[in-house]
file structure.cif (mmCIF, C-alpha atoms and all ligand atoms)
data_upload
#
loop_
_atom_site.label_atom_id
_atom_site.label_comp_id
_atom_site.auth_asym_id
_atom_site.auth_seq_id
_atom_site.Cartn_x
_atom_site.Cartn_y
_atom_site.Cartn_z
CA MET A 235 -32.07 10.22 -13.80
CA PRO A 236 -29.72 9.89 -10.81
CA ALA A 237 -30.33 6.91 -8.54
CA MET A 238 -32.41 7.91 -5.56
CA SER A 239 -30.46 7.59 -2.32
CA ILE A 240 -31.97 6.17 0.80
CA VAL A 241 -30.53 6.13 4.26
CA PRO A 242 -30.51 2.71 5.93
CA SER A 243 -33.16 3.81 8.41
CA THR A 244 -35.65 4.23 5.58
CA TRP A 245 -34.96 0.75 4.18
CA GLY A 246 -38.36 -0.81 3.68
CA GLY A 247 -37.23 -4.32 2.79
CA ARG A 248 -36.71 -7.28 5.06
CA PRO A 249 -36.18 -6.04 8.63
CA VAL A 250 -32.68 -7.51 8.84
CA TRP A 251 -29.93 -6.28 6.58
CA ALA A 252 -26.17 -5.92 6.19
CA GLU A 253 -24.86 -2.43 5.53
CA ILE A 254 -21.78 -2.57 3.32
CA ASP A 255 -19.78 0.63 3.60
CA LEU A 256 -18.12 0.95 0.20
CA ASP A 257 -16.15 4.00 1.37
CA ALA A 258 -14.58 1.88 4.12
CA LEU A 259 -13.83 -0.81 1.55
CA ALA A 260 -12.20 1.73 -0.78
CA HIS A 261 -10.14 3.02 2.14
CA ASN A 262 -8.93 -0.50 2.96
CA VAL A 263 -8.16 -1.23 -0.69
CA ARG A 264 -6.03 1.92 -0.94
CA LEU A 265 -4.27 1.05 2.30
CA LEU A 266 -3.42 -2.50 1.19
CA ALA A 267 -2.46 -1.35 -2.31
CA ALA A 268 -0.09 1.22 -0.81
CA ARG A 269 1.43 -1.42 1.48
CA ALA A 270 2.00 -3.76 -1.45
CA SER A 271 3.11 -1.14 -3.96
CA PRO A 272 4.64 -1.45 -6.51
CA ALA A 273 3.12 -4.95 -6.52
CA ARG A 274 -0.36 -5.30 -7.98
CA LEU A 275 -3.32 -5.99 -5.72
CA TYR A 276 -5.80 -8.69 -6.59
CA ALA A 277 -8.85 -8.08 -4.41
CA VAL A 278 -10.15 -11.46 -3.25
CA VAL A 279 -13.93 -11.44 -3.64
CA LYS A 280 -14.56 -15.17 -3.34
CA ALA A 281 -17.53 -16.38 -1.28
CA ASN A 282 -19.62 -13.36 -2.29
CA ALA A 283 -16.79 -11.06 -1.15
CA TYR A 284 -16.65 -12.77 2.26
CA GLY A 285 -20.37 -12.19 2.58
CA HIS A 286 -20.21 -8.52 1.54
CA GLY A 287 -21.52 -8.83 -2.03
CA ALA A 288 -19.09 -9.76 -4.81
CA VAL A 289 -20.31 -7.49 -7.59
CA ALA A 290 -20.62 -4.28 -5.59
CA CYS A 291 -17.39 -4.91 -3.67
CA GLY A 292 -15.51 -6.03 -6.78
CA ARG A 293 -16.47 -2.87 -8.62
CA ALA A 294 -15.61 -0.67 -5.63
CA ALA A 295 -12.25 -2.40 -5.17
CA LEU A 296 -11.33 -1.89 -8.83
CA GLU A 297 -12.38 1.74 -8.65
CA ALA A 298 -10.15 2.18 -5.59
CA GLY A 299 -7.11 0.81 -7.38
CA ALA A 300 -7.15 -2.99 -7.31
CA HIS A 301 -5.56 -4.39 -10.46
CA GLY A 302 -7.90 -7.39 -10.65
CA LEU A 303 -10.15 -9.66 -8.63
CA ALA A 304 -9.70 -13.21 -7.37
CA VAL A 305 -12.39 -15.84 -6.90
CA VAL A 306 -12.32 -19.55 -6.21
CA CYS A 307 -14.57 -21.01 -8.89
CA VAL A 308 -15.79 -20.28 -12.39
CA ASP A 309 -19.36 -19.60 -11.20
CA GLU A 310 -18.09 -16.75 -9.04
CA ALA A 311 -16.17 -15.35 -12.00
CA GLU A 312 -19.20 -15.63 -14.25
CA GLU A 313 -21.31 -13.66 -11.80
CA LEU A 314 -18.77 -10.82 -12.09
CA ARG A 315 -18.51 -11.00 -15.89
CA ARG A 316 -22.30 -10.98 -16.27
CA ALA A 317 -22.41 -7.86 -14.14
CA GLY A 318 -20.03 -6.22 -16.61
CA VAL A 319 -16.74 -6.52 -14.73
CA GLU A 320 -13.99 -6.46 -17.38
CA ALA A 321 -10.92 -6.53 -15.12
CA PRO A 322 -8.51 -9.47 -14.83
CA LEU A 323 -10.13 -12.31 -12.86
CA LEU A 324 -7.95 -14.91 -11.16
CA VAL A 325 -9.59 -18.24 -10.36
CA ILE A 326 -7.54 -19.52 -7.42
CA GLY A 327 -9.43 -22.74 -6.68
CA ASN A 328 -8.85 -26.19 -8.11
CA THR A 329 -10.52 -25.77 -11.51
CA PRO A 330 -11.56 -29.07 -13.13
CA ALA A 331 -10.51 -29.63 -16.75
CA SER A 332 -14.21 -29.86 -17.62
CA ASP A 333 -14.44 -26.11 -16.91
CA ALA A 334 -11.87 -25.24 -19.62
CA ALA A 335 -14.43 -23.97 -22.15
CA ARG A 336 -15.97 -21.58 -19.64
CA VAL A 337 -12.54 -20.37 -18.52
CA VAL A 338 -11.68 -19.42 -22.08
CA ALA A 339 -15.10 -17.97 -22.93
CA LEU A 340 -15.09 -15.81 -19.79
CA ARG A 341 -11.44 -14.72 -20.33
CA LEU A 342 -10.37 -15.94 -16.88
CA ARG A 343 -6.91 -16.50 -15.43
CA PRO A 344 -7.03 -19.90 -13.77
CA ALA A 345 -4.65 -21.31 -11.21
CA VAL A 346 -3.15 -24.40 -12.79
CA GLY A 347 -1.50 -27.36 -11.11
CA ALA A 348 -2.35 -30.32 -13.32
CA MET A 349 -1.53 -31.39 -16.87
CA ASP A 350 -5.11 -32.35 -17.80
CA LEU A 351 -6.25 -28.76 -17.20
CA VAL A 352 -3.29 -27.37 -19.17
CA GLU A 353 -4.14 -29.59 -22.15
CA ALA A 354 -7.85 -28.84 -22.00
CA LEU A 355 -7.18 -25.09 -21.84
CA SER A 356 -4.77 -25.24 -24.77
CA ALA A 357 -7.23 -27.20 -26.91
CA GLU A 358 -10.09 -24.88 -26.05
CA ALA A 359 -8.01 -21.74 -26.62
CA ARG A 360 -6.89 -23.01 -30.02
CA ARG A 361 -10.45 -23.82 -30.99
CA ARG A 362 -11.48 -20.26 -30.22
CA GLY A 363 -8.34 -18.56 -31.45
CA ALA A 364 -7.79 -17.19 -27.95
CA GLU A 365 -4.87 -17.01 -25.55
CA VAL A 366 -5.37 -18.00 -21.91
CA PRO A 367 -3.12 -16.47 -19.26
CA ILE A 368 -2.46 -19.09 -16.59
CA HIS A 369 -1.02 -18.92 -13.08
CA LEU A 370 0.96 -21.97 -12.02
CA GLU A 371 0.37 -23.04 -8.46
CA LEU A 372 3.41 -24.13 -6.50
CA GLU A 373 2.92 -26.50 -3.59
CA SER A 374 5.20 -25.32 -0.82
CA GLY A 375 3.72 -26.56 2.44
CA LEU A 376 -0.06 -26.17 2.52
CA ASN A 377 -0.55 -29.51 0.78
CA ARG A 378 -3.93 -28.80 -0.76
CA HIS A 379 -3.35 -28.34 -4.47
CA GLY A 380 -0.53 -27.21 -6.71
CA LEU A 381 2.69 -29.00 -7.63
CA PRO A 382 6.05 -29.28 -5.85
CA PRO A 383 9.01 -27.51 -7.52
CA ASP A 384 10.34 -30.13 -9.96
CA ALA A 385 6.91 -31.15 -11.19
CA LEU A 386 5.88 -27.52 -11.46
CA VAL A 387 8.91 -26.57 -13.56
CA ALA A 388 8.18 -29.51 -15.86
CA LEU A 389 4.54 -28.44 -16.18
CA ALA A 390 5.61 -24.86 -16.86
CA GLU A 391 7.87 -25.93 -19.73
CA ARG A 392 5.11 -28.12 -21.21
CA ALA A 393 2.58 -25.28 -20.95
CA ARG A 394 5.03 -22.85 -22.50
CA ALA A 395 5.37 -25.11 -25.54
CA LEU A 396 1.62 -25.48 -26.06
CA PRO A 397 -0.31 -23.08 -28.28
CA GLY A 398 -3.03 -20.88 -26.80
CA LEU A 399 -1.45 -20.56 -23.35
CA ARG A 400 0.56 -17.80 -21.76
CA VAL A 401 2.19 -18.54 -18.43
CA GLU A 402 1.59 -15.24 -16.69
CA GLY A 403 1.98 -16.12 -13.03
CA LEU A 404 3.66 -18.38 -10.52
CA PHE A 405 2.20 -18.45 -7.04
CA THR A 406 1.94 -20.25 -3.75
CA HIS A 407 -0.25 -19.93 -0.68
CA PHE A 408 1.01 -19.83 2.90
CA ALA A 409 -0.07 -22.32 5.54
CA ALA A 410 0.61 -20.30 8.69
CA ALA A 411 1.16 -16.66 7.75
CA GLU A 412 -1.01 -15.38 10.59
CA GLU A 413 0.82 -17.38 13.24
CA GLY A 414 3.36 -15.58 15.39
CA ASP A 415 6.23 -17.78 14.27
CA GLN A 416 7.05 -16.78 10.70
CA ARG A 417 9.73 -19.42 10.04
CA PHE A 418 7.49 -21.76 8.07
CA THR A 419 6.15 -18.86 6.00
CA ARG A 420 9.70 -17.73 5.31
CA ALA A 421 10.63 -21.26 4.18
CA GLN A 422 7.64 -21.38 1.81
CA PHE A 423 8.65 -17.99 0.45
CA GLU A 424 12.16 -19.29 -0.25
CA VAL A 425 10.74 -22.30 -2.12
CA LEU A 426 8.79 -19.87 -4.32
CA ARG A 427 11.86 -17.72 -4.92
CA GLU A 428 14.07 -20.67 -5.78
CA THR A 429 11.48 -22.10 -8.13
CA SER A 430 11.02 -18.73 -9.82
CA ARG A 431 14.77 -18.60 -10.51
CA ARG A 432 14.27 -21.70 -12.63
CA LEU A 433 11.43 -19.97 -14.50
CA PRO A 434 12.77 -16.45 -15.06
CA TRP A 435 10.44 -15.98 -18.03
CA VAL A 436 7.31 -16.03 -15.82
CA PRO A 437 6.56 -12.36 -15.14
CA GLU A 438 4.29 -12.33 -12.09
CA ARG A 439 4.96 -14.04 -8.75
CA HIS A 440 2.57 -13.86 -5.82
CA CYS A 441 2.22 -15.39 -2.36
CA SER A 442 0.95 -12.78 0.10
CA ALA A 443 -2.59 -12.77 1.47
CA SER A 444 -3.71 -10.26 4.12
CA ALA A 445 -1.29 -11.31 6.85
CA SER A 446 1.85 -11.08 4.73
CA ILE A 447 0.70 -7.89 3.02
CA LEU A 448 0.47 -6.33 6.48
CA LEU A 449 3.64 -7.92 7.84
CA ASP A 450 6.32 -8.18 5.18
CA HIS A 451 6.72 -5.98 2.13
CA GLU A 452 9.48 -8.15 0.73
CA MET A 453 6.90 -10.88 0.10
CA ALA A 454 4.76 -8.63 -2.10
CA LEU A 455 6.90 -9.51 -5.17
CA GLU A 456 4.93 -8.59 -8.32
CA ALA A 457 1.41 -9.15 -6.95
CA VAL A 458 -0.56 -9.86 -3.77
CA ARG A 459 -3.96 -11.40 -3.06
CA GLY A 460 -5.73 -9.50 -0.29
CA GLY A 461 -8.98 -10.80 1.18
CA LEU A 462 -9.96 -10.41 4.80
CA SER A 463 -8.28 -7.05 5.40
CA LEU A 464 -10.18 -5.48 2.50
CA TYR A 465 -13.21 -5.98 4.68
CA GLY A 466 -11.56 -4.26 7.61
CA TYR A 467 -10.32 -7.11 9.77
CA ARG A 468 -6.87 -8.23 10.90
CA PRO A 469 -5.91 -11.87 10.35
CA ALA A 470 -4.66 -11.92 13.95
CA PRO A 471 -4.81 -9.28 16.71
CA TRP A 472 -1.06 -8.60 16.50
CA CYS A 473 -1.02 -8.44 12.72
CA GLY A 474 -0.88 -4.97 11.16
CA THR A 475 -1.69 -3.11 14.36
CA ASP A 476 -0.35 0.03 12.67
CA ALA A 477 -2.88 -0.27 9.83
CA ASP A 478 -6.06 1.80 10.07
CA LEU A 479 -8.43 -0.87 8.75
CA ARG A 480 -12.13 -0.02 8.79
CA PRO A 481 -14.79 -2.74 9.17
CA VAL A 482 -17.03 -2.72 6.12
CA MET A 483 -20.06 -4.72 7.26
CA SER A 484 -22.67 -3.89 9.86
CA LEU A 485 -25.46 -6.37 10.51
CA ARG A 486 -28.65 -4.71 11.66
CA ALA A 487 -32.28 -5.59 12.24
CA ARG A 488 -35.46 -3.99 13.48
CA VAL A 489 -37.22 -5.03 16.64
CA ALA A 490 -40.19 -7.03 15.37
CA ARG A 491 -42.11 -7.25 18.64
CA VAL A 492 -41.66 -6.49 22.33
CA SER A 493 -43.19 -8.65 25.03
CA ASP A 494 -43.10 -8.82 28.80
CA VAL A 495 -42.48 -12.16 30.44
CA ASP A 496 -42.94 -13.05 34.09
CA ARG A 497 -40.28 -14.12 36.50
CA GLY A 498 -39.66 -17.83 35.96
CA ALA A 499 -40.74 -17.85 32.30
CA THR A 500 -38.33 -19.37 29.81
CA VAL A 501 -37.46 -18.05 26.37
CA GLY A 502 -36.77 -20.10 23.26
CA TYR A 503 -36.10 -23.71 22.34
CA GLY A 504 -34.78 -26.03 24.99
CA ARG A 505 -35.77 -23.53 27.74
CA THR A 506 -32.10 -22.64 28.23
CA TRP A 507 -32.84 -19.19 29.69
CA ALA A 508 -35.29 -18.32 32.44
CA ALA A 509 -36.28 -14.83 33.61
CA ASN A 510 -35.10 -14.17 37.16
CA ARG A 511 -37.23 -10.99 37.20
CA PRO A 512 -40.07 -9.60 35.09
CA THR A 513 -38.33 -9.16 31.75
CA ARG A 514 -38.96 -7.22 28.57
CA VAL A 515 -37.95 -9.28 25.56
CA ALA A 516 -37.44 -8.02 22.02
CA LEU A 517 -37.92 -10.33 19.05
CA VAL A 518 -35.33 -9.90 16.28
CA MET A 519 -35.87 -11.69 12.97
CA CYS A 520 -32.29 -12.82 12.47
CA GLY A 521 -31.31 -16.43 13.10
CA TYR A 522 -28.73 -19.02 12.26
CA ALA A 523 -30.06 -19.40 8.71
CA ASP A 524 -29.05 -15.76 8.26
CA GLY A 525 -25.59 -16.54 9.60
CA TYR A 526 -26.23 -15.44 13.19
CA ARG A 527 -25.04 -18.58 14.80
CA ARG A 528 -26.89 -20.81 17.21
CA SER A 529 -23.92 -20.83 19.57
CA PHE A 530 -24.40 -17.08 20.18
CA GLY A 531 -27.48 -17.79 22.29
CA ASN A 532 -26.99 -16.73 25.93
CA ARG A 533 -23.42 -15.75 25.04
CA THR A 534 -23.44 -12.50 23.18
CA GLN A 535 -24.95 -9.06 23.16
CA VAL A 536 -26.49 -6.80 20.56
CA LEU A 537 -26.70 -3.02 20.62
CA VAL A 538 -29.99 -1.18 21.05
CA HIS A 539 -30.20 2.61 21.51
CA GLY A 540 -26.40 2.56 21.86
CA ARG A 541 -26.54 0.13 24.80
CA ARG A 542 -25.56 -3.51 25.12
CA ALA A 543 -28.39 -5.99 25.54
CA PRO A 544 -27.95 -9.76 25.93
CA VAL A 545 -29.24 -12.37 23.50
CA VAL A 546 -31.30 -14.71 25.67
CA GLY A 547 -32.20 -18.31 24.94
CA ARG A 548 -31.15 -20.23 21.88
CA VAL A 549 -30.83 -18.50 18.54
CA ALA A 550 -33.42 -20.15 16.27
CA MET A 551 -33.20 -20.62 12.51
CA ASP A 552 -34.99 -17.37 11.76
CA MET A 553 -34.96 -15.25 14.90
CA CYS A 554 -33.44 -14.51 18.26
CA MET A 555 -34.61 -12.82 21.45
CA VAL A 556 -32.97 -9.97 23.34
CA ASP A 557 -33.42 -8.90 26.96
CA VAL A 558 -34.09 -5.15 26.71
CA THR A 559 -35.34 -4.65 30.27
CA ALA A 560 -32.41 -2.35 31.03
CA VAL A 561 -32.80 -0.28 27.86
CA PRO A 562 -35.64 2.20 28.27
CA GLY A 563 -38.26 2.72 25.59
CA VAL A 564 -37.49 -0.09 23.16
CA ALA A 565 -40.32 -0.40 20.65
CA PRO A 566 -41.08 -2.36 17.48
CA GLY A 567 -39.20 -0.85 14.56
CA ASP A 568 -36.16 0.20 16.61
CA VAL A 569 -32.81 -0.68 15.07
CA VAL A 570 -30.73 -3.48 16.63
CA THR A 571 -27.05 -3.80 15.76
CA LEU A 572 -25.76 -7.37 15.74
CA ILE A 573 -22.40 -6.52 14.14
CA GLY A 574 -21.16 -2.95 13.98
CA ARG A 575 -21.27 0.30 15.87
CA ASP A 576 -24.13 2.07 17.64
CA GLY A 577 -23.04 5.19 19.50
CA ASP A 578 -19.98 4.42 21.59
CA GLU A 579 -20.48 0.68 21.57
CA ARG A 580 -19.43 -1.83 18.95
CA VAL A 581 -19.65 -5.55 18.35
CA ASP A 582 -17.32 -6.89 15.73
CA ALA A 583 -16.87 -10.14 13.87
CA ASP A 584 -13.80 -10.96 15.99
CA ASP A 585 -15.92 -10.87 19.19
CA LEU A 586 -18.46 -13.19 17.62
CA ALA A 587 -15.76 -15.47 16.23
CA THR A 588 -14.30 -15.92 19.72
CA ILE A 589 -17.72 -16.90 21.06
CA ALA A 590 -18.29 -19.38 18.24
CA ASP A 591 -14.74 -20.74 18.51
CA THR A 592 -13.95 -19.75 14.94
CA ILE A 593 -12.35 -16.94 12.92
CA SER A 594 -13.77 -13.67 11.59
CA TRP A 595 -13.57 -15.05 8.01
CA GLU A 596 -16.22 -17.65 8.87
CA ILE A 597 -18.53 -15.19 10.63
CA LEU A 598 -18.47 -12.73 7.71
CA ALA A 599 -18.68 -15.31 4.93
CA GLY A 600 -21.48 -17.01 6.85
CA ILE A 601 -23.92 -14.09 6.56
CA SER A 602 -26.35 -15.78 4.21
CA ALA A 603 -27.99 -14.78 0.95
CA ARG A 604 -31.30 -14.23 2.75
CA VAL A 605 -29.91 -11.07 4.35
CA PRO A 606 -30.33 -8.06 2.06
CA ARG A 607 -27.14 -6.06 1.45
CA LEU A 608 -27.38 -2.27 1.41
CA TYR A 609 -24.39 -0.60 -0.22
CA LEU A 610 -23.43 2.70 1.36
CA ARG A 611 -21.54 5.62 -0.08
CA GLY A 612 -21.17 8.84 1.87
CA GLY A 613 -23.24 7.23 4.64
CA ARG A 614 -26.23 6.70 2.33
CA ALA A 615 -27.48 3.46 0.84
CA VAL A 616 -27.27 3.74 -2.92
CA GLU A 617 -27.83 0.17 -4.02
CA ALA A 618 -29.29 -3.00 -2.56
CA SER A 619 -29.13 -6.67 -3.37
CA THR A 620 -31.71 -9.06 -2.01
CA LEU A 621 -32.66 -12.69 -2.35
CA VAL A 622 -35.25 -11.80 -4.97
CA ASP A 623 -32.89 -9.66 -6.96
CA ARG A 624 -29.39 -10.81 -6.24
CA ALA A 625 -27.61 -8.49 -8.63
CA PRO A 626 -27.29 -4.98 -7.18
CA VAL A 627 -29.78 -2.65 -8.83
CA ALA A 628 -30.00 1.09 -8.49
CA ILE A 629 -32.67 2.11 -6.00
C1 LIG B 701 -8.71 -16.74 0.37
C2 LIG B 701 -7.38 -16.67 -0.26
C3 LIG B 701 -6.62 -15.49 -0.15
C4 LIG B 701 -7.02 -14.31 0.72
O1 LIG B 701 -6.69 -14.59 2.04
P1 LIG B 701 -6.94 -13.53 3.23
O2 LIG B 701 -6.21 -14.10 4.38
O3 LIG B 701 -8.42 -13.49 3.47
O4 LIG B 701 -6.40 -12.23 2.79
C5 LIG B 701 -5.43 -15.43 -0.86
N1 LIG B 701 -4.99 -16.48 -1.60
C6 LIG B 701 -5.69 -17.63 -1.70
C7 LIG B 701 -5.14 -18.73 -2.53
C8 LIG B 701 -6.90 -17.77 -1.02
O5 LIG B 701 -7.58 -18.92 -1.12
#
call {"tool": "encode", "arguments": {"input": "structure.cif", "output": "structure tokens"}}
result
Amino acid sequence: MPAMSIVPSTWGGRPVWAEIDLDALAHNVRLLAARASPARLYAVVKANAYGHGAVACGRAALEAGAHGLAVVCVDEAEELRRAGVEAPLLVIGNTPASDAARVVALRLRPAVGAMDLVEALSAEARRRGAEVPIHLELESGLNRHGLPPDALVALAERARALPGLRVEGLFTHFAAAEEGDQRFTRAQFEVLRETSRRLPWVPERHCSASASILLDHEMALEAVRGGLSLYGYRPAPWCGTDADLRPVMSLRARVARVSDVDRGATVGYGRTWAANRPTRVALVMCGYADGYRRSFGNRTQVLVHGRRAPVVGRVAMDMCMVDVTAVPGVAPGDVVTLIGRDGDERVDADDLATIADTISWEILAGISARVPRLYLRGGRAVEASTLVDRAPVAI
């Protein structure tokens, strides 16, 4: 029996939800893959696909042409494997040697920058009669993890000599690729190229994340790791202005209650907002525990009936309040857009990031597990994942 489709407006679950437009995601995947071609695209789905839902987005990205997926830790990879994802999975975080058995059992491709992990992986692979593809991480200026060139070449030769390992990749990560001045990025790229000349037997080199995929095709090499732009955002306003990226997530809620407050009344904790006229206030059950940050209070707007309406008072853990006096006819059950488009108006994660003095990555990844995700295809919700049932199930 085909899965029954619902439109978001008939969603009967929690009255706040994130709509994840899988068609927009597929569009962005194709766009980034074309930019990087002939290099392979690893779709970065760490942090629950930047808040968008790792399993649904991982599947959609692979369907749209991604070669594999990248996550930061073994738990994230296991979530994907359990959901039946068979594609190559890079683990780009600092994997502890104690995770070696899971890495082998789950057929993962870990980033490697330490001898204890190399030895543990080799031992575990031998025990299971398996072969683990590893990606050596070169430290070239970010100074988080990985090894500088000489140490990395030594580690590569050791790993090559050990049974059960196959050195598949050599990679580095840029420190300032989304800054206007590309000189440091260029220098890191040259360190990678020089090191790779010493390891000509390693087949796959990668260094580009979203910014460099959009800015410099030469840096695509054999593979790229695209994250943010898959979800429709630019790493910086000037970055990839010629790319038609489509935002994937909309955050919406229903008006829970409408009340009228008198002139002089205050709304919310700390009494930070007072009505200077009789005011109609809408209650929206989305707060900072959902990822709608406390600092948005009195500083941002939501969309109701295609019009902007200000968030008044402090955002609480579980709810916020909106002044809808200027929007006629607002009633309980009406849809409020906190991120996304309604009619001609839109609020995007970049606007909210500016208000919260952060970056769009943090706004998107911060949308918490309590918010149900509705996955849209052809404008219709076809799957949902919720707190009670985290894996997407057909609905
Ligand atoms: C998160 C991450 C990426 C993706 O970065 P975006 O800027 O979001 O595209 C790529 N590589 C590594 C190592 C990362 O940690």
call {"tool": "closest_residue", "arguments": {"input": "structure.cif", "among": "A:Tyr284, A:Tyr276, A:Phe405, A:Trp507", "to": "A:Leu296", "atoms": "all atoms listed in the file"}}
result
A:Tyr276
call {"tool": "closest_atom_pairs", "arguments": {"input": "structure.cif", "of": "stretch 511-587 of chain A", "to": "stretch 237-258 of chain A", "cutoff": "10 Å", "atoms": "all atoms listed in the file", "output": "Markdown table"}}
result
| residue | atom | partner | partner_atom | distance |
| --- | --- | --- | --- | --- |
| A:Val518 | CA | A:Val250 | CA | 8.3 |
| A:Met519 | CA | A:Val250 | CA | 6.7 |
| A:Cys520 | CA | A:Val250 | CA | 6.4 |
| A:Gly521 | CA | A:Val250 | CA | 10.0 |
| A:Asp524 | CA | A:Val250 | CA | 9.0 |
| A:Gly567 | CA | A:Pro249 | CA | 8.4 |
| A:Asp568 | CA | A:Ser243 | CA | 9.4 |
| A:Val569 | CA | A:Ser243 | CA | 8.0 |
| A:Val570 | CA | A:Val250 | CA | 9.0 |
| A:Thr571 | CA | A:Val250 | CA | 9.7 |
| A:Leu572 | CA | A:Ala252 | CA | 9.7 |
| A:Ile573 | CA | A:Ala252 | CA | 8.8 |
| A:Gly574 | CA | A:Glu253 | CA | 9.2 |
call {"tool": "closest_atom_pairs", "arguments": {"input": "structure.cif", "of": "chain A", "to": "ligand LIG 701 (chain B)", "cutoff": "6 Å", "atoms": "all atoms listed in the file", "output": "Markdown table"}}
result
| residue | atom | partner | partner_atom | distance |
| --- | --- | --- | --- | --- |
| A:Val278 | CA | B:LIG701 | C4 | 5.8 |
| A:Ile326 | CA | B:LIG701 | C7 | 5.5 |
| A:His407 | CA | B:LIG701 | C7 | 5.4 |
| A:Ala443 | CA | B:LIG701 | O4 | 4.1 |
| A:Ser444 | CA | B:LIG701 | O4 | 3.6 |
| A:Arg459 | CA | B:LIG701 | C5 | 4.8 |
| A:Gly460 | CA | B:LIG701 | O4 | 4.2 |
| A:Gly461 | CA | B:LIG701 | O4 | 3.4 |
| A:Leu462 | CA | B:LIG701 | O3 | 3.7 |
call {"tool": "residues_around", "arguments": {"input": "structure.cif", "residues": "A:Leu386", "least_positions_apart": "5", "cutoff": "9 Å", "atoms": "all atoms listed in the file", "output": "PyMOL selection string"}}
result
chain A and resi 347-348+370-373+380-381+391+429
call {"tool": "atom_distance", "arguments": {"input": "structure.cif", "atom1": "atom CA of A:Pro606", "atom2": "atom CA of A:Ala628"}}
result
14.0 Å
call {"tool": "closest_residue", "arguments": {"input": "structure.cif", "among": "A:Ile589, A:Val515, A:Val564, A:Met551", "to": "A:Asp496", "atoms": "only C-alpha atoms"}}
result
A:Val515
call {"tool": "atom_distance", "arguments": {"input": "structure.cif", "atom1": "atom CA of A:Arg315", "atom2": "atom CA of A:Cys291"}}
result
13.7 Å
call {"tool": "closest_residue", "arguments": {"input": "structure.cif", "among": "A:Tyr503, A:His286, A:Arg427, A:Cys441", "to": "A:Val482", "atoms": "only C-alpha atoms"}}
result
A:His286
